[in-house]
Amino acid sequence: MKLGDGVEQAIHSVGMLAGLSGDGVLSAAALAEFHGASTSYLLKHLQALSGAGILQTVPGPRGGYRLARRTDEITLLDIVLAVEGPAPAFRCKEIRQRGPNPLPQTSFTRPCGINAVMLRAERAYRAELAKTTIADILGDLAMTDEDGAIAARGCAFLEQHERRSH
């Protein structure tokens, strides 16, 4: 299974937005700068996150993005589904029924075993993402950022780039 770069950028962006003050916002350009990403590429994913109710968009020259929900209410699955869509990673095309000397449809009364395994794996993957929230990720970061350098970098960036929406 391969997820697009947008998933990683979206998760990190949501994590960055979690550090904003109550009325603060960050522009898409600032988020893209911090993550070394293309603004136009990231903007597409930020809009998807807004459409999914994960982010709130604040319009205007002092506008930008902020979280629409608390970090303990945003799961990694919410973000993945917003960016990648709800379709499963594996989509069975029933190729076992094609090719030379095809068998009649009556030979295929049971579901494809490959499809069944892939769907079980998809359910397990989604269940794991569904139980992990942004709050969990931020808590793990706090425990592993031994010298505080990662947190300090993010805080310094927010101090420079956070906009107040009044």
# chains A, B, ... in the order shown; residues from 1 in each chain; ligands from 1
call {"tool": "select_by_dssp", "arguments": {"residues": "range 59-90 of chain A", "states": "strand (DSSP E or B)", "output": "PyMOL selection string"}}
result
chain A and resi 64-67+75
call {"tool": "residues_around", "arguments": {"residues": "range 86-93 of chain A", "least_positions_apart": "5", "cutoff": "9 Å", "atoms": "only C-alpha atoms", "output": "list in words"}}
result
Met1, Lys2, Leu3, Val80, Leu81, Cys112, Ile114, Asn115, Met118, Leu119 and Glu122 of chain A
call {"tool": "residues_around", "arguments": {"residues": "Leu158 in chain A", "least_positions_apart": "5", "cutoff": "10 Å", "atoms": "only C-alpha atoms", "output": "list in words"}}
result
Met16, Leu17, Gly19, Leu20, Ser21, Gly24, Val25, Leu26, Ala30, Leu31, Phe34, Ala152, Arg153 and Arg163 of chain A
call {"tool": "write_last_selection", "arguments": {"atoms": "N, CA, C and O atoms", "output": "short mmCIF file (atom, residue, chain, number, x, y, z; two decimals), in the first residue's frame"}}
result
data_model
loop_
_atom_site.label_atom_id
_atom_site.label_comp_id
_atom_site.auth_asym_id
_atom_site.auth_seq_id
_atom_site.Cartn_x
_atom_site.Cartn_y
_atom_site.Cartn_z
N MET A 16 0.90 20.89 13.29
CA MET A 16 1.39 22.26 13.42
C MET A 16 0.25 23.20 13.83
O MET A 16 0.42 24.05 14.71
N LEU A 17 -0.90 23.03 13.21
CA LEU A 17 -2.05 23.89 13.54
C LEU A 17 -2.52 23.68 14.97
O LEU A 17 -3.13 24.58 15.56
N GLY A 19 -0.78 23.81 17.48
CA GLY A 19 -0.03 24.71 18.33
C GLY A 19 -0.48 26.15 18.30
O GLY A 19 0.07 26.99 19.01
N LEU A 20 -1.49 26.45 17.50
CA LEU A 20 -1.97 27.84 17.40
C LEU A 20 -2.71 28.28 18.66
O LEU A 20 -3.30 27.46 19.36
N SER A 21 -2.71 29.57 18.88
CA SER A 21 -3.52 30.13 19.96
C SER A 21 -4.99 30.08 19.53
O SER A 21 -5.29 29.78 18.37
N GLY A 24 -5.79 32.08 16.47
CA GLY A 24 -4.72 32.09 15.48
C GLY A 24 -5.03 31.25 14.26
O GLY A 24 -5.82 30.31 14.30
N VAL A 25 -4.40 31.62 13.15
CA VAL A 25 -4.47 30.87 11.90
C VAL A 25 -3.08 30.87 11.27
O VAL A 25 -2.26 31.73 11.57
N LEU A 26 -2.86 29.93 10.39
CA LEU A 26 -1.65 29.91 9.56
C LEU A 26 -2.07 29.85 8.11
O LEU A 26 -3.02 29.15 7.76
N ALA A 30 2.59 29.52 4.66
CA ALA A 30 3.43 29.33 5.84
C ALA A 30 3.58 27.84 6.15
O ALA A 30 4.68 27.36 6.45
N LEU A 31 2.48 27.10 6.09
CA LEU A 31 2.54 25.65 6.34
C LEU A 31 3.45 24.97 5.32
O LEU A 31 4.26 24.11 5.66
N PHE A 34 7.15 25.77 6.09
CA PHE A 34 7.67 25.02 7.24
C PHE A 34 8.00 23.58 6.86
O PHE A 34 8.97 23.02 7.34
N ALA A 152 10.76 23.41 19.95
CA ALA A 152 11.25 24.79 19.87
C ALA A 152 11.21 25.31 18.44
O ALA A 152 10.85 26.48 18.20
N ARG A 153 11.55 24.47 17.49
CA ARG A 153 11.50 24.87 16.07
C ARG A 153 10.08 25.24 15.68
O ARG A 153 9.84 26.27 15.05
N ARG A 163 -1.13 34.21 12.43
CA ARG A 163 -1.96 35.41 12.23
C ARG A 163 -3.11 35.36 13.21
O ARG A 163 -3.62 34.29 13.53
#
call {"tool": "atom_distance", "arguments": {"atom1": "CA of Glu84 in chain A", "atom2": "CA of Val7 in chain A"}}
result
7.5 Å
call {"tool": "residues_around", "arguments": {"residues": "range 35-45 of chain A", "least_positions_apart": "2", "cutoff": "10 Å", "atoms": "only C-alpha atoms", "output": "PyMOL selection string"}}
result
chain A and resi 5-7+9-10+12-13+16+27-33+47-51+79+82-84
call {"tool": "select_by_dssp", "arguments": {"residues": "range 19-150 of chain A", "states": "helix (DSSP H, G or I)", "output": "PyMOL selection string"}}
result
chain A and resi 28-35+39-51+71-73+76-84+95-97+105-107+113-130+134-144+149-150
call {"tool": "closest_residue", "arguments": {"among": "A:Ala18, A:Leu46, A:Glu94, A:Gly64", "to": "Arg110 in chain A", "atoms": "only C-alpha atoms"}}
result
A:Glu94
call {"tool": "closest_residue", "arguments": {"among": "A:Gln56, A:Leu76, A:Ala149, A:Arg96", "to": "Tyr125 in chain A", "atoms": "only C-alpha atoms"}}
result
A:Leu76
call {"tool": "residues_around", "arguments": {"residues": "Ala127 in chain A", "least_positions_apart": "4", "cutoff": "12 Å", "atoms": "only C-alpha atoms", "output": "ChimeraX atom specification"}}
result
/A:75-78,120-123,131-133
call {"tool": "write_last_selection", "arguments": {"atoms": "all heavy atoms", "output": "PDB file, in the first residue's frame"}}
result
ATOM      1  N   THR A  75      -8.661  11.764  14.139  1.00  0.00           N
ATOM      2  CA  THR A  75      -7.858  10.549  14.005  1.00  0.00           C
ATOM      3  C   THR A  75      -7.036  10.601  12.724  1.00  0.00           C
ATOM      4  O   THR A  75      -7.342  11.363  11.793  1.00  0.00           O
ATOM      5  CB  THR A  75      -8.735   9.284  13.978  1.00  0.00           C
ATOM      6  OG1 THR A  75      -9.488   9.262  12.753  1.00  0.00           O
ATOM      7  CG2 THR A  75      -9.658   9.209  15.189  1.00  0.00           C
ATOM      8  N   LEU A  76      -6.027   9.748  12.689  1.00  0.00           N
ATOM      9  CA  LEU A  76      -5.248   9.634  11.459  1.00  0.00           C
ATOM     10  C   LEU A  76      -6.122   9.116  10.322  1.00  0.00           C
ATOM     11  O   LEU A  76      -5.942   9.506   9.173  1.00  0.00           O
ATOM     12  CB  LEU A  76      -4.033   8.737  11.672  1.00  0.00           C
ATOM     13  CG  LEU A  76      -2.975   9.264  12.639  1.00  0.00           C
ATOM     14  CD1 LEU A  76      -1.772   8.333  12.669  1.00  0.00           C
ATOM     15  CD2 LEU A  76      -2.558  10.672  12.314  1.00  0.00           C
ATOM     16  N   LEU A  77      -7.096   8.274  10.637  1.00  0.00           N
ATOM     17  CA  LEU A  77      -8.002   7.794   9.601  1.00  0.00           C
ATOM     18  C   LEU A  77      -8.813   8.945   9.024  1.00  0.00           C
ATOM     19  O   LEU A  77      -9.016   9.011   7.800  1.00  0.00           O
ATOM     20  CB  LEU A  77      -8.941   6.706  10.132  1.00  0.00           C
ATOM     21  CG  LEU A  77      -9.894   6.109   9.092  1.00  0.00           C
ATOM     22  CD1 LEU A  77      -9.130   5.441   7.949  1.00  0.00           C
ATOM     23  CD2 LEU A  77     -10.844   5.125   9.745  1.00  0.00           C
ATOM     24  N   ASP A  78      -9.262   9.872   9.874  1.00  0.00           N
ATOM     25  CA  ASP A  78      -9.994  11.039   9.371  1.00  0.00           C
ATOM     26  C   ASP A  78      -9.163  11.771   8.317  1.00  0.00           C
ATOM     27  O   ASP A  78      -9.671  12.165   7.262  1.00  0.00           O
ATOM     28  CB  ASP A  78     -10.304  12.031  10.502  1.00  0.00           C
ATOM     29  CG  ASP A  78     -11.245  11.486  11.553  1.00  0.00           C
ATOM     30  OD1 ASP A  78     -12.078  10.607  11.232  1.00  0.00           O
ATOM     31  OD2 ASP A  78     -11.142  11.951  12.708  1.00  0.00           O
ATOM     32  N   ARG A 120      -9.483  -7.703   4.572  1.00  0.00           N
ATOM     33  CA  ARG A 120      -9.179  -7.865   6.001  1.00  0.00           C
ATOM     34  C   ARG A 120      -7.996  -6.974   6.395  1.00  0.00           C
ATOM     35  O   ARG A 120      -8.010  -6.330   7.448  1.00  0.00           O
ATOM     36  CB  ARG A 120      -8.858  -9.330   6.332  1.00  0.00           C
ATOM     37  CG  ARG A 120     -10.072 -10.179   6.584  1.00  0.00           C
ATOM     38  CD  ARG A 120      -9.754 -11.496   7.314  1.00  0.00           C
ATOM     39  NE  ARG A 120      -8.638 -12.254   6.792  1.00  0.00           N
ATOM     40  CZ  ARG A 120      -8.717 -13.166   5.818  1.00  0.00           C
ATOM     41  NH1 ARG A 120      -9.875 -13.430   5.249  1.00  0.00           N
ATOM     42  NH2 ARG A 120      -7.654 -13.823   5.421  1.00  0.00           N
ATOM     43  N   ALA A 121      -6.992  -6.931   5.543  1.00  0.00           N
ATOM     44  CA  ALA A 121      -5.823  -6.081   5.814  1.00  0.00           C
ATOM     45  C   ALA A 121      -6.233  -4.603   5.832  1.00  0.00           C
ATOM     46  O   ALA A 121      -5.779  -3.833   6.684  1.00  0.00           O
ATOM     47  CB  ALA A 121      -4.735  -6.319   4.766  1.00  0.00           C
ATOM     48  N   GLU A 122      -7.092  -4.222   4.933  1.00  0.00           N
ATOM     49  CA  GLU A 122      -7.586  -2.838   4.884  1.00  0.00           C
ATOM     50  C   GLU A 122      -8.335  -2.487   6.167  1.00  0.00           C
ATOM     51  O   GLU A 122      -8.150  -1.408   6.728  1.00  0.00           O
ATOM     52  CB  GLU A 122      -8.509  -2.662   3.667  1.00  0.00           C
ATOM     53  CG  GLU A 122      -9.070  -1.282   3.501  1.00  0.00           C
ATOM     54  CD  GLU A 122      -8.209  -0.355   2.672  1.00  0.00           C
ATOM     55  OE1 GLU A 122      -7.380  -0.827   1.886  1.00  0.00           O
ATOM     56  OE2 GLU A 122      -8.382   0.874   2.819  1.00  0.00           O
ATOM     57  N   ARG A 123      -9.175  -3.407   6.630  1.00  0.00           N
ATOM     58  CA  ARG A 123      -9.909  -3.162   7.882  1.00  0.00           C
ATOM     59  C   ARG A 123      -8.951  -3.001   9.057  1.00  0.00           C
ATOM     60  O   ARG A 123      -9.124  -2.127   9.904  1.00  0.00           O
ATOM     61  CB  ARG A 123     -10.922  -4.277   8.140  1.00  0.00           C
ATOM     62  CG  ARG A 123     -12.171  -4.166   7.273  1.00  0.00           C
ATOM     63  CD  ARG A 123     -13.278  -5.107   7.736  1.00  0.00           C
ATOM     64  NE  ARG A 123     -12.930  -6.512   7.636  1.00  0.00           N
ATOM     65  CZ  ARG A 123     -13.064  -7.259   6.539  1.00  0.00           C
ATOM     66  NH1 ARG A 123     -13.549  -6.717   5.439  1.00  0.00           N
ATOM     67  NH2 ARG A 123     -12.730  -8.522   6.547  1.00  0.00           N
ATOM     68  N   LYS A 131      -7.799   4.480  15.761  1.00  0.00           N
ATOM     69  CA  LYS A 131      -7.572   4.590  17.198  1.00  0.00           C
ATOM     70  C   LYS A 131      -6.427   5.525  17.552  1.00  0.00           C
ATOM     71  O   LYS A 131      -6.152   5.735  18.724  1.00  0.00           O
ATOM     72  CB  LYS A 131      -7.379   3.249  17.887  1.00  0.00           C
ATOM     73  CG  LYS A 131      -6.715   2.184  17.234  1.00  0.00           C
ATOM     74  CD  LYS A 131      -6.682   0.920  18.096  1.00  0.00           C
ATOM     75  CE  LYS A 131      -5.289   0.359  17.983  1.00  0.00           C
ATOM     76  NZ  LYS A 131      -5.139  -0.980  18.398  1.00  0.00           N
ATOM     77  N   THR A 132      -5.787   6.129  16.562  1.00  0.00           N
ATOM     78  CA  THR A 132      -4.679   7.046  16.820  1.00  0.00           C
ATOM     79  C   THR A 132      -5.116   8.462  16.485  1.00  0.00           C
ATOM     80  O   THR A 132      -5.484   8.746  15.351  1.00  0.00           O
ATOM     81  CB  THR A 132      -3.446   6.665  15.977  1.00  0.00           C
ATOM     82  OG1 THR A 132      -3.123   5.294  16.224  1.00  0.00           O
ATOM     83  CG2 THR A 132      -2.262   7.545  16.304  1.00  0.00           C
ATOM     84  N   THR A 133      -5.078   9.326  17.492  1.00  0.00           N
ATOM     85  CA  THR A 133      -5.487  10.720  17.298  1.00  0.00           C
ATOM     86  C   THR A 133      -4.267  11.625  17.164  1.00  0.00           C
ATOM     87  O   THR A 133      -3.141  11.232  17.477  1.00  0.00           O
ATOM     88  CB  THR A 133      -6.332  11.229  18.483  1.00  0.00           C
ATOM     89  OG1 THR A 133      -5.499  11.287  19.648  1.00  0.00           O
ATOM     90  CG2 THR A 133      -7.550  10.346  18.739  1.00  0.00           C
TER      91      THR A 133
END
call {"tool": "closest_residue", "arguments": {"among": "A:Ile150, A:Val117, A:Leu138, A:Val58", "to": "Val14 in chain A", "atoms": "only C-alpha atoms"}}
result
A:Leu138
